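Trainee: Please find one structure pasted underneath; my questions will follow.
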Amino acid sequence: MKKYFMLQIFSLLVSFMLLACGGNSSDVLVEESAIKINVGTEPKTIDPTLNSSVDGSIYIAHAFEGLTTKGKDGKITYGVAESWDISDDGLTYTFKIRSNAKWSDGKPVTANDFVYTWQRAVDPMTASEYSYQLAPIKNATAITEGSMPIETLGVRAIDERTLEVNLGAPTAYFLELTAFTTYYPVRQDIIEAHGDKWSLKPETYIGNGPFKMVERSVDDKIVMAKNEHYWAIDEILPTQLVFVLMQNENASVAGIKEGSLHFAASPPPQDIPALIEEGLVQVHPYLGTYYYALNFTNETLSDSRVRKALNLAIDRTYIVEQVSKGGELPADGFVPSGVNDVTGDFRENGDEYYSVDPADYEANVAMAKVLMAEAGYPDGAGFPVLEFKTNPTTVHTSIFEAVQQMWKENLGIDVTMSQEEWAVFQQTRDDKNFVFARHGWIGDYNDPMTFIDVFVSDSPQNNGGYSNAKFDELIQTAKMSGDQNVRMNAMHEAENMLLDEVGLIPLYFYTQPLLVDPKLKGVVFDVLGAHKFHYSYIEE
């Protein structure tokens with residue numbers, strides 16, 4: 001096995017060296033000055049309307065741009081829109097599109113492009129997992145549910161450069177939403193001509209962002225070059241970005257050390273402390289929560305006592321200190337630290353649903369044993385062997401192995417692990433074809449809603465199938481009210497309900513340990529994970 005592993009590493013290193021030297025088999029020559037990036041394996045999709053993953057959003061954010069975007073300071077600024085007006089009641093937004101906003105083939109970006117894109121996103125025939133992100137727009141939810149035609153969506157092109165958007169209720173974070181990938185424009189003529197395959201080839205992957213795709217090699221790489229038609233092309237520094245598609249933490253470290261990679265998203269957890277000391281890992285804030293999804297259709301997990309016992313029997317402090325090692329915080333709720341409340345931090349203002357203090361762990365385990373006995377499984381007797389699913393990444397498998405041991409020692413139960421490649425695993429979760437599954441949620445904007453509404457009954461992101469009518473009502477109240485106090489109170493109450501019923505098992509609040517070549521400068525690190533390489537360069 002050791003020999004086989006070393007051969008794998010050698011093969012990957014050879015591939016990196018060929019890549020760095022331009023020795024790929026395509027017609028596109030990889031430039032010596034190219035920024036070489038690894039944020040994951042082959043993505044499930046890079047269609048802005050259909051994407052639901054962080055790695056996918058990074059590729060998309062370099063090839064597309066929304067009405068708004070995030071500046072170098074992380075704040076919302078002008079993107080395709082050069083200006084906007086908001087009505088006094090907060091219900092009507094009027095965006096003026098730049099006259100020099102163009103697609104990568106030179107055609108102008110128009111207001112109708114956004115009308116088409118947003119109607120496509122809410123169309124139930126499209127089946128976009130993120131259709132609910134457009135819920136603030138008038139009639140969006142009714143259209144997605146199939147009770148209204150897509151033409152009734154509250155968006156219209158007044159002229160080619162003027163887009164009017166009508167909301168169903170004031171939405172404090174709407175401008176942040178327009179900077180999110182689901183809101184990015186796509187081309188109607190391209191999609192109608194090429195269907196679902198439009199994003200697989202450079203000649204049809206037409207975007208309006210600072211870069212354009214010049215090579216798409218499945219399971220290998222995505223190469224992007226400067227888009228000469230981008231309205232702010234003079235601000236873009238790299239002439240070429242190479243996204244290397246793989247998931248091998250040790251090969252990523254080797255690539256950073258020998259110069260064939262400049263950035264990688266997944267350092268080996270056990271090596272993070274040493275890599276920080278070497279100056280090869282930087283730890284950045286990350287607005288997200290790592291958790292285990294529970295399938296509520298499973299008979300065993302349908303018992304809330306079992307779910308509570310499994311939750312209490314996990315030593316989260318051990319996991320972050322001895323396994324993940326990235327400076328994460330043990331999760332005592334779902335909404336992570338760093339999310340805005342009316343005043344202060346939503347997590348700090350919220351309840352603690354169980355203690356993550358190591359001093360209380362013994363008491364947590366004692367309560368878990370009582371609950372399992374009440375559920376009919378004293379010391380694990382009669383408990384079925386359940387299966388946990390994940391994608392094959394060291395951190396995920398290592399965390400599960402630690403949890404598996406905790407459940408065995410404390411509750412007397414056995415759980416097995418099954419691993420699937422990333423794209424397959426995402427579909428497995430979407431299809432609810434699991435009992436337990438590794439999961440994580442990174443915010444799409446800075447508001448508790450981006451976390452809480454994942455668990456409404458009809459959310460496509462609610463992979464475990466948690467459902468509570470009262471919870472759904474609270475979320476609807478928060479969505480329809482323009483009063484921040486009413487909104488936040490409703491979301492606090494909803495989170496209380498979700499955690500009291502153990503709708504999920506939170507493990508920790510994320511940080512972002514990232515492998516970064518010390519010579520790589522100018523990266524815009526994003527707390528939501530959509531890092532930008534627009535202004536990056538290699539310092540000689």
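Ordering of the structure tokens sets the chain letters (A, B, ...), residue numbers begin anew at 1 in every chain, and ligands are numbered from 1 in the order given.
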Once you count only C-alpha atoms, what closest atom pair and distance in Å to one decimal does each residue of stretch 476-521 of chain A within 10 Å of stretch 439-447 of chain A have, with rows by chain and rising residue number, as CSV?

Mentor:
residue,atom,partner,partner_atom,distance
A:Met488,CA,A:Asp447,CA,9.4
A:Leu504,CA,A:His439,CA,9.6
A:Ile505,CA,A:His439,CA,9.7
A:Pro506,CA,A:Gly440,CA,8.9
A:Leu507,CA,A:Gly440,CA,9.5
A:Tyr508,CA,A:Gly440,CA,9.5
A:Phe509,CA,A:Gly440,CA,9.4
A:Tyr510,CA,A:Ile442,CA,8.6

Trainee: What lies within 12 Å of A:Glu374 using only C-alpha atoms, ignoring chain neighbours under 2 positions off, as a PyMOL selection string?

Mentor: chain A and resi 303-306+308-309+367-372+376-381

Trainee: I want to know what sits within 6 Å of A:Val122, based on only C-alpha atoms, with residues of the same chain fewer than 3 positions away left out; could you give that as a PyMOL selection string?

Mentor: chain A and resi 119+131+144

Trainee: Identify which of the residues A:Arg98, A:Lys257, A:Lys36, A:His194 lies closest to A:Thr239, counting only C-alpha atoms when measuring atom-to-atom distances.

Mentor: A:Lys36

Trainee: Can you tell me, as a PDB file with C-alpha atoms, in the first residue's frame, what residues are no more than 7 Å from stretch 528-534 of chain A when counting only C-alpha atoms, ignoring any on the same chain fewer than 3 positions away?

Mentor:
ATOM      1  CA  VAL A  54     -18.350  26.655  -2.824  1.00  0.00           C
ATOM      2  CA  SER A  57     -18.857  29.329  -7.089  1.00  0.00           C
ATOM      3  CA  ILE A  58     -15.133  30.160  -7.282  1.00  0.00           C
ATOM      4  CA  ILE A 236      -7.308  42.585 -13.684  1.00  0.00           C
ATOM      5  CA  LEU A 237      -3.722  41.420 -13.137  1.00  0.00           C
ATOM      6  CA  PRO A 238      -3.353  37.687 -14.003  1.00  0.00           C
ATOM      7  CA  TYR A 286     -15.054  31.403   7.323  1.00  0.00           C
ATOM      8  CA  LEU A 287     -18.770  32.008   7.831  1.00  0.00           C
ATOM      9  CA  ILE A 442     -21.249  28.267   4.178  1.00  0.00           C
ATOM     10  CA  GLY A 443     -23.286  31.466   4.228  1.00  0.00           C
ATOM     11  CA  ASP A 444     -24.248  33.074   0.948  1.00  0.00           C
ATOM     12  CA  VAL A 523      -5.708  37.223  -3.312  1.00  0.00           C
ATOM     13  CA  VAL A 524      -9.032  38.566  -2.022  1.00  0.00           C
ATOM     14  CA  PHE A 525      -9.981  36.127   0.730  1.00  0.00           C
TER      15      PHE A 525
END

Trainee: Counting only C-alpha atoms, what is within 10 Å of A:Arg120, bar same-chain residues fewer than 3 positions away, as a short mmCIF file (atom, residue, chain, number, x, y, z; two decimals) with C-alpha atoms, in the first residue's frame?

Mentor:
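As written to disk, part-v2.cif reads:
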data_model
loop_
_atom_site.label_atom_id
_atom_site.label_comp_id
_atom_site.auth_asym_id
_atom_site.auth_seq_id
_atom_site.Cartn_x
_atom_site.Cartn_y
_atom_site.Cartn_z
CA THR A 49 -28.13 28.90 -11.97
CA PHE A 114 -31.23 39.20 -16.14
CA VAL A 115 -34.95 38.77 -16.77
CA TYR A 116 -34.26 35.50 -18.63
CA THR A 117 -31.79 34.25 -16.03
CA ASP A 123 -38.81 27.87 -13.23
CA PRO A 124 -39.69 24.49 -11.63
CA MET A 125 -38.58 22.81 -14.87
CA THR A 126 -35.03 24.06 -14.25
CA ALA A 127 -34.99 22.47 -10.78
CA SER A 128 -32.36 24.84 -9.43
CA SER A 131 -34.17 28.82 -6.60
CA ILE A 150 -42.67 32.46 -14.78
CA VAL A 186 -26.48 33.69 -18.40
CA GLN A 188 -30.48 32.58 -23.40
#

Trainee: If you run DSSP on the backbone, which residues of stretch 79-297 of chain A are helix (DSSP H, G or I), as JSON, numbers by chain?

Mentor: {"A": [111, 112, 113, 114, 115, 116, 117, 118, 119, 120, 121, 122, 131, 132, 133, 134, 140, 141, 142, 143, 144, 150, 151, 152, 174, 175, 176, 177, 181, 182, 183, 188, 189, 190, 191, 192, 193, 194, 195, 196, 197, 198, 199, 200, 233, 234, 235, 249, 250, 251, 252, 253, 254, 255, 256, 257, 258, 269, 270, 271, 272, 273, 274, 275, 276, 277, 278]}

Trainee: I need the residue nearest A:His62 from this list: A:Tyr173, A:Tyr93, A:Phe211, A:Tyr184. Use only C-alpha atoms for the distance.

Mentor: A:Phe211

Trainee: Looking only at strand (DSSP E or B) from DSSP on the backbone, list the matching residues of stretch 124-332 of chain A as an NGL selection string.

Mentor: :A and (137 or 155-159 or 162-167 or 211-217 or 221-226 or 240-245 or 263-264 or 281-294 or 329-330)

Trainee: Hey, can you spit out that residue selection with C-alpha atoms as a compact mmCIF listing (two decimals), in the first residue's frame?

Mentor:
# COMPACT_ATOMS: atom_id res chain seq x y z
CA ILE A 137 -38.59 38.77 -5.57
CA VAL A 155 -38.57 41.68 -12.73
CA ARG A 156 -38.76 43.55 -16.03
CA ALA A 157 -36.52 45.29 -18.53
CA ILE A 158 -37.65 48.90 -18.89
CA ASP A 159 -35.09 49.22 -21.68
CA THR A 162 -32.63 49.50 -17.08
CA LEU A 163 -33.78 46.63 -14.89
CA GLU A 164 -36.68 47.02 -12.45
CA VAL A 165 -37.08 44.51 -9.62
CA ASN A 166 -40.15 44.31 -7.38
CA LEU A 167 -39.88 42.49 -4.06
CA PHE A 211 -11.94 35.89 -17.20
CA LYS A 212 -13.05 33.57 -19.98
CA MET A 213 -12.67 29.80 -20.18
CA VAL A 214 -10.08 28.71 -22.73
CA GLU A 215 -9.81 25.04 -21.76
CA ARG A 216 -12.12 22.56 -20.03
CA SER A 217 -10.56 19.16 -19.36
CA LYS A 221 -8.23 21.30 -15.15
CA ILE A 222 -10.11 24.45 -16.11
CA VAL A 223 -7.99 27.16 -17.72
CA MET A 224 -9.16 30.78 -17.81
CA ALA A 225 -7.61 33.80 -19.51
CA LYS A 226 -8.33 37.51 -19.26
CA GLN A 240 -4.18 33.22 -16.95
CA LEU A 241 -5.65 31.11 -14.14
CA VAL A 242 -5.30 27.31 -14.05
CA PHE A 243 -7.73 25.50 -11.77
CA VAL A 244 -6.29 22.05 -11.09
CA LEU A 245 -9.09 19.55 -10.39
CA PHE A 263 -3.04 27.96 -3.81
CA ALA A 264 -4.88 24.91 -2.44
CA VAL A 281 -0.79 27.67 5.56
CA GLN A 282 -2.82 30.77 6.30
CA VAL A 283 -5.95 30.51 8.47
CA HIS A 284 -8.76 32.86 7.41
CA PRO A 285 -12.26 33.49 8.82
CA TYR A 286 -15.05 31.40 7.32
CA LEU A 287 -18.77 32.01 7.83
CA GLY A 288 -19.97 28.43 8.04
CA THR A 289 -20.85 25.37 10.11
CA TYR A 290 -19.65 21.78 9.73
CA TYR A 291 -22.40 19.32 10.62
CA TYR A 292 -23.87 15.87 10.12
CA ALA A 293 -27.13 15.61 8.22
CA LEU A 294 -29.66 13.09 9.58
CA LEU A 329 -14.65 26.59 17.30
CA PRO A 330 -16.80 23.79 18.79

Trainee: A:Ala61, A:Leu275, A:Ile413, A:Ala437: which is nearest A:Asp517, counting only C-alpha atoms?

Mentor: A:Leu275
